[in-house]
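**Q** This structure is in structure tokens; I'll ask about it shortly.
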Amino acid sequence: KQEVTQIPAALSVPEGENLVLNCSFTDSAIYNLQWFRQDPGKGLTSLLLIQSSQREQTSGRLNASLDKSSGRSTLYIAASQPGDSATYLCALRGNSNYQLIWGAGTKLIIKP
Amino acid sequence: ETGVTQTPRHLVMGMTNKKSLKCEQHLGHNAMYWYKQSAKKPLELMFVYSLEERVENNSVPSRFSPECPNSSHLFLHLHTLQPEDSALYLCASSQEGWASGELFFGEGSRLTVL
């Protein structure tokens, strides 16, 4: 059974630092993996989608990588800003077309 | 603006009320989803519609009744809910097919059952 783990559950760093959020999974047979951010009381915003055949995706200050052999995806945030404070979730799609397996999220706080 | 609009954003209802949540997507997607997000729990998939047919139904109590009249609209009808049903209900859509499946979410409907 596929399991997705995000560690740490919470992270607080000073503004300007580069940081890495982790997403680990137990079964390498995935279709794609998606990173989201969620602000308190709001919906989820899609950040990056990595297909199974890809190694990384970039959008602005964000870079997501995928290493299926090690069961790991990372979200790299460069030059962090207070506006990056949110909960970051990863979710992957396995063999079933519509089921996503979700991590519990990492709550990120960027201190001014 | 994600292209997925949910109304109402907030809803308070008693256990004997009947209400509905509405979701509309303007992205031309062919699949729509209802998720439940409770405090300190992972997202729970409730229902999935693809091409207006229900393709996933994850053992959701019958007091939740989905309706998908067309590929752009999705409803969640609520009847005789329980206080534990209080949560954030999220609608999402995606385009299913080759190399697809990126989900786009609405802002959610915060439901409180008294």
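Numbering starts fresh at 1 for the residues of each chain in the structure tokens, the chains themselves are lettered A, B, ... in the order given, and ligands are numbered from 1 as they appear.
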At a cut-off of 10 Å, which residues of chain A touch chain B? Count only C-alpha atoms and give the answer as JSON, numbers by chain.
**A** {"A": [31, 32, 33, 34, 35, 36, 38, 39, 41, 42, 43, 44, 45, 46, 47, 48, 49, 50, 51, 52, 53, 89, 91, 93, 97, 98, 99, 100, 101, 102, 103, 104, 105]}
**Q** Go ahead and save the picked residues with C-alpha atoms, as a compact mmCIF listing (two decimals), in the first residue's frame.
**A**
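Final file, result-v8.txt:
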# COMPACT_ATOMS: atom_id res chain seq x y z
CA TYR A 31 1.94 8.15 -12.50
CA ASN A 32 2.73 11.70 -11.38
CA LEU A 33 3.38 13.80 -8.29
CA GLN A 34 1.99 17.23 -7.55
CA TRP A 35 2.99 19.92 -5.05
CA PHE A 36 0.39 22.30 -3.60
CA GLN A 38 -2.56 25.93 1.14
CA ASP A 39 -3.08 29.16 3.01
CA GLY A 41 -8.81 28.41 5.57
CA LYS A 42 -8.29 28.48 1.81
CA GLY A 43 -8.23 26.00 -1.02
CA LEU A 44 -5.15 24.38 -2.50
CA THR A 45 -3.03 26.08 -5.13
CA SER A 46 -1.19 23.84 -7.56
CA LEU A 47 2.52 24.68 -7.66
CA LEU A 48 4.18 22.03 -9.80
CA LEU A 49 3.29 18.72 -11.41
CA ILE A 50 5.98 16.18 -12.24
CA GLN A 51 5.12 13.31 -14.55
CA SER A 52 6.63 9.90 -13.86
CA SER A 53 9.05 10.27 -16.78
CA LEU A 89 1.34 19.33 0.46
CA ALA A 91 0.18 14.19 -3.56
CA ARG A 93 -1.18 9.49 -8.39
CA ASN A 97 -6.80 6.98 -12.40
CA TYR A 98 -8.46 9.22 -9.89
CA GLN A 99 -7.06 8.43 -6.47
CA LEU A 100 -4.36 10.71 -5.14
CA ILE A 101 -2.33 9.68 -2.11
CA TRP A 102 -1.71 12.72 0.07
CA GLY A 103 1.02 13.66 2.47
CA ALA A 104 0.02 15.35 5.72
CA GLY A 105 1.83 18.53 4.73
**Q** Gln25 of chain B: which residues within 7 Å, counting only C-alpha atoms, same-chain residues fewer than 4 positions away excluded, as a ChimeraX atom specification?
**A** /B:3-5,72-73
**Q** For Thr80 of chain B, which residue out of B:Lys36, B:Ser65, B:Ser93, B:Cys23 is the nearest one, using only C-alpha atoms?
**A**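 So, comparing all the options, the nearest one is B:Ser65.
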**Q** Give me, please, the distance in Å between atom CA of Asn22 of chain A and atom CA of Ser80 of chain A, quoted to one decimal.
**A**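 A separation of 16.0 Å between them.
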**Q** What does the distance from atom CA of Lys19 of chain B to atom CA of His77 of chain B come to in Å, to one decimal?
**A**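 Taking atom CA of Lys19 of chain B as the start and atom CA of His77 of chain B as the end point, the length is 6.1 Å.
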**Q** Env of Gly60 of chain A: 12 Å cut, atoms = only C-alpha atoms, seq-sep filter 3 positions within chain, self excluded. Answer as an mmCIF file with N, CA and C atoms, in the first residue's frame.
**A**
data_model
loop_
_atom_site.group_PDB
_atom_site.id
_atom_site.type_symbol
_atom_site.label_atom_id
_atom_site.label_comp_id
_atom_site.auth_asym_id
_atom_site.auth_seq_id
_atom_site.Cartn_x
_atom_site.Cartn_y
_atom_site.Cartn_z
ATOM 1 N N LEU A 47 1.226 24.040 -7.432
ATOM 2 C CA LEU A 47 2.524 24.679 -7.659
ATOM 3 C C LEU A 47 3.247 24.042 -8.840
ATOM 4 N N LEU A 48 3.426 22.740 -8.769
ATOM 5 C CA LEU A 48 4.184 22.031 -9.796
ATOM 6 C C LEU A 48 3.659 20.612 -9.913
ATOM 7 N N GLN A 57 10.828 19.903 -12.278
ATOM 8 C CA GLN A 57 10.037 20.969 -12.870
ATOM 9 C C GLN A 57 10.370 22.251 -12.118
ATOM 10 N N ASN A 63 11.512 24.820 -7.400
ATOM 11 C CA ASN A 63 12.007 23.709 -8.208
ATOM 12 C C ASN A 63 11.622 22.419 -7.506
ATOM 13 N N ALA A 64 10.932 21.543 -8.209
ATOM 14 C CA ALA A 64 10.557 20.252 -7.648
ATOM 15 C C ALA A 64 11.303 19.156 -8.383
ATOM 16 N N TYR A 76 12.201 22.714 -3.676
ATOM 17 C CA TYR A 76 13.233 23.693 -3.324
ATOM 18 C C TYR A 76 12.641 25.081 -3.502
ATOM 19 N N ILE A 77 12.757 25.902 -2.454
ATOM 20 C CA ILE A 77 12.290 27.284 -2.510
ATOM 21 C C ILE A 77 13.505 28.180 -2.342
ATOM 22 N N ALA A 78 13.776 28.981 -3.338
ATOM 23 C CA ALA A 78 14.931 29.879 -3.293
ATOM 24 C C ALA A 78 14.529 31.235 -2.728
ATOM 25 N N ALA A 79 15.447 31.837 -1.980
ATOM 26 C CA ALA A 79 15.273 33.200 -1.474
ATOM 27 C C ALA A 79 13.892 33.375 -0.855
ATOM 28 N N SER A 80 13.619 32.634 0.199
ATOM 29 C CA SER A 80 12.274 32.593 0.785
ATOM 30 C C SER A 80 11.806 33.975 1.243
#
**Q** Return the single residue from A:Glu56, A:Thr106, A:Ser85, A:Asp27 that is closest to Pro14 of chain A, with distances computed using only C-alpha atoms.
**A**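 When distances to Pro14 of chain A are compared using only C-alpha atoms, the smallest one comes from A:Ser85.
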